[in-house]
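**Student:** Once you've had a glance at the structure underneath, I'll fire off some questions.
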Amino acid sequence: PAFCEILGYHEKQLQGTNISDIRPPGAARCVLCEFQGEVIGQKAHGKDIPLRRMDGTVIYADVNLVVAEIEQKKRIVVFCRNTTEERYLRAQLMQAQKLESIGQLAAGIAHEINTPTQYVGDNVSFLQDGFTDLNKLMSEYDNVLAEHQNGAIPPELIAKIRSVAQEVDVEYLRQEIPQAIVQALEGIERISSIVRAMKQFAHPASKEKVATDINKAIKNTVTVSRNEWKYVAEMTTELDPDLPLVECLPGEINQVLLNIIVNAAHAIGDVVGDGSNGKGEITISTRQEGGMAEVRISDTGSGIPEEIRARIFDPFFTTKEVGKGTGQGLAIARSIVVDKHGGTIDVQSEMGQGTTFIIRLPVRAKQKVDDEE
């Protein structure tokens with residue numbers, strides 16, 4: 001009766017119905033195709049399986065299949081739990097956490113853009129002043145050319161040119177103007193790289209998995225989070241250039257990377273303070289291990305006590321003081337990696353030495369393609 005209530009059917013309407021008849025359009029005809037892994041032994045579990053109600057609306061359910069012998073015949077007993085509302089709440093929570101992270105990054109990104117903007121502005125102001133001085137000197141040269149056409153150049157005009165050249169310090173301008181141009185161009189490139197990274201990081205979330213360059217995702221996330229870690233840690237990346245593409249939801253994988261990088265920075269900050277007496281280290285590496293793309297994010301923080309390691313992925317669990325953490329970051333990271341991508345996320349930690357998070361995601365069969373800007 002409960003199953004009938006979930007789907008909006010009467011019991012007699014479901015009798016003799018094939019499971020494929022209550023699947024929404026576009027879903028796999030075989031419900032087992034959506035199960036996490038194969039049927040193992042006498043049971044199987046599927047999470048957030050889409051089913052179609054009698055009125056045509058789509059709901060999601062956790063489905064457990066158990067093989068049982070009933071009346072001397074092997075039957076499959078189905079246990080179904082409606083997770084539609086829970087799924088919606090998870091999505092809302094994930095979006096709220098993402099917005100919180102972007103808000104947290106906003107001030108840092110503004111600072112990262114402001115610094116190169118300032119020295120671009122300073123160099124352009126210098127170039128403006130330098131042009132004014134050189135223009136003054138060029139005006140005197142124009143006077144010399146005009147007098148030369150008349151057949152004679154008065155000695156006092158030559159003296160005036162020398163005086164102006166000394167006043168504007170031509171040799172100084174010759175040395176400094178090229179450097180000012182180079183520095184201004186470097187500043188513009190720095191700003192452009194931050195904007196490109198932020199654009200990639202904050203790209204509207206895709207509902208479909210797409211082939212994604214995980215190395216590029218890491219570089220973008222490191223760039224947009226720079227203000228979170230640069231004061232307390234040196235960042236090292238060891239990225240496998242031959243890492244295959246990964247079929248994933250890139251916006252959500254960015255969120256996972258950001259959560260762990262920010263946590264690493266906070267853990268190091270607890271050890272080194274403001275970093276004035278030395279910084280810690282964050283190391284991010286990638287490699288292919290079997291059919292999985294592996295990302296390791298290591299920090300030299302204080303480590304996670306053994307008694308709470310098993311709880312760090314629990315919703316609302318946090319060791320941070322009130323106002324500094326909701327306890328959702330790692331719980332959401334686990335949900336994204338494990339539930340949405342069929343991957344794994346593990347942690348290795350040693351007190352006084354640091355922590356390493358290991359993320360493994362199924363790789364795409366097709367080989368890696370060139371980066372696109």
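Please note that chains go A, B, ... in the order of the structure tokens, that every chain numbers its residues from 1, and that ligands are numbered from 1 in the order shown.
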Env of Lys160 of chain A: 12 Å cut, atoms = only C-alpha atoms, seq-sep filter 4 positions within chain, self excluded. Answer as a VMD selection string.
**Tutor:** chain A and resid 136 to 141 143 to 144 153 to 156 164 to 167
**Student:** Pull C-alpha atoms from the residues just selected and write them as a JSON list (two decimals), in the first residue's frame.
**Tutor:**
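Now in result.json:
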[["chain", "number", "residue", "atom", "x", "y", "z"],
["A", 136, "LYS", "CA", 58.32, 69.30, -23.98],
["A", 137, "LEU", "CA", 61.71, 68.17, -25.29],
["A", 138, "MET", "CA", 60.28, 67.33, -28.72],
["A", 139, "SER", "CA", 58.87, 70.86, -28.96],
["A", 140, "GLU", "CA", 62.41, 72.22, -28.58],
["A", 141, "TYR", "CA", 63.64, 69.82, -31.28],
["A", 143, "ASN", "CA", 62.25, 74.64, -32.96],
["A", 144, "VAL", "CA", 65.74, 73.46, -33.94],
["A", 153, "ILE", "CA", 70.78, 77.35, -35.51],
["A", 154, "PRO", "CA", 71.31, 79.91, -32.76],
["A", 155, "PRO", "CA", 73.64, 78.68, -29.97],
["A", 156, "GLU", "CA", 71.08, 79.65, -27.33],
["A", 164, "VAL", "CA", 65.34, 70.75, -21.16],
["A", 165, "ALA", "CA", 66.92, 67.30, -21.73],
["A", 166, "GLN", "CA", 68.64, 67.58, -18.36],
["A", 167, "GLU", "CA", 65.44, 68.82, -16.72]]
**Student:** From segment 24-233 of chain A, collect each residue whose DSSP state is strand (DSSP E or B) and return the set as a ChimeraX atom specification.
**Tutor:** /A:40,43-52,58-70,73-82,210-212,233
**Student:** Those same residues, written as an mmCIF file, in the first residue's frame with C-alpha atoms?
**Tutor:**
data_model
loop_
_atom_site.group_PDB
_atom_site.id
_atom_site.type_symbol
_atom_site.label_atom_id
_atom_site.label_comp_id
_atom_site.auth_asym_id
_atom_site.auth_seq_id
_atom_site.Cartn_x
_atom_site.Cartn_y
_atom_site.Cartn_z
ATOM 1 C CA ILE A 40 25.996 -8.263 -5.209
ATOM 2 C CA LYS A 43 20.735 -7.653 -2.687
ATOM 3 C CA ALA A 44 21.296 -4.344 -4.460
ATOM 4 C CA HIS A 45 20.801 -0.673 -3.689
ATOM 5 C CA GLY A 46 19.944 2.251 -5.951
ATOM 6 C CA LYS A 47 19.956 5.883 -4.814
ATOM 7 C CA ASP A 48 17.697 8.613 -6.237
ATOM 8 C CA ILE A 49 16.154 6.374 -8.889
ATOM 9 C CA PRO A 50 13.620 8.352 -10.994
ATOM 10 C CA LEU A 51 10.085 6.881 -11.103
ATOM 11 C CA ARG A 52 6.935 8.149 -12.819
ATOM 12 C CA VAL A 58 8.563 12.314 -11.661
ATOM 13 C CA ILE A 59 9.680 11.412 -8.155
ATOM 14 C CA TYR A 60 12.974 10.047 -6.848
ATOM 15 C CA ALA A 61 13.378 7.077 -4.566
ATOM 16 C CA ASP A 62 15.993 4.993 -2.819
ATOM 17 C CA VAL A 63 15.323 1.451 -3.969
ATOM 18 C CA ASN A 64 16.580 -1.713 -2.286
ATOM 19 C CA LEU A 65 16.230 -5.081 -3.985
ATOM 20 C CA VAL A 66 16.441 -8.286 -1.986
ATOM 21 C CA VAL A 67 16.296 -11.766 -3.488
ATOM 22 C CA ALA A 68 14.044 -13.940 -1.315
ATOM 23 C CA GLU A 69 12.461 -17.367 -1.635
ATOM 24 C CA ILE A 70 8.679 -17.082 -1.387
ATOM 25 C CA LYS A 73 10.184 -19.556 -5.818
ATOM 26 C CA LYS A 74 12.918 -16.938 -5.969
ATOM 27 C CA ARG A 75 11.400 -13.478 -5.933
ATOM 28 C CA ILE A 76 12.815 -9.963 -5.873
ATOM 29 C CA VAL A 77 11.416 -7.960 -2.985
ATOM 30 C CA VAL A 78 11.553 -4.204 -3.544
ATOM 31 C CA PHE A 79 11.839 -1.671 -0.718
ATOM 32 C CA CYS A 80 11.219 1.889 -1.862
ATOM 33 C CA ARG A 81 11.632 5.194 0.009
ATOM 34 C CA ASN A 82 10.508 8.494 -1.504
ATOM 35 C CA VAL A 210 30.589 16.943 -19.378
ATOM 36 C CA ALA A 211 34.153 15.954 -20.220
ATOM 37 C CA THR A 212 36.279 18.081 -17.895
ATOM 38 C CA ALA A 233 50.989 28.618 2.845
#
**Student:** Need to verify the contact set: Asn259 of chain A, 8 Å, only C-alpha atoms, exclusion of same-chain residues closer than 6 positions in sequence. Can you return it as a VMD selection string?
**Tutor:** chain A and resid 329 to 330 333
**Student:** Tell me, as number ranges by chain, which residues lie within 10 Å of Leu258 of chain A, counting only C-alpha atoms; anything in the same chain fewer than 2 positions away does not count.
**Tutor:** A: 98, 101-102, 105, 201, 218, 220-222, 224-225, 252-256, 260-264, 329, 333
**Student:** Arg296 of chain A: which residues within 12 Å, counting only C-alpha atoms, same-chain residues fewer than 4 positions away excluded, as a PyMOL selection string?
**Tutor:** chain A and resi 214-215+218+236-240+257+260-261+264+282-289+344-348+355-361
**Student:** I need the residue nearest Glu247 of chain A from this list: A:Asp21, A:Ala184, A:Lys340, A:Arg53. Use only C-alpha atoms for the distance.
**Tutor:**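 When distances to Glu247 of chain A are compared using only C-alpha atoms, the smallest one comes from A:Lys340.
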**Student:** So that I can check the surroundings of Gly108 of chain A, please list as a ChimeraX atom specification every protein, DNA and RNA residue that reaches within 8 Å of it, counting only C-alpha atoms and ignoring chain neighbours fewer than 6 positions away.
**Tutor:** /A:225-228
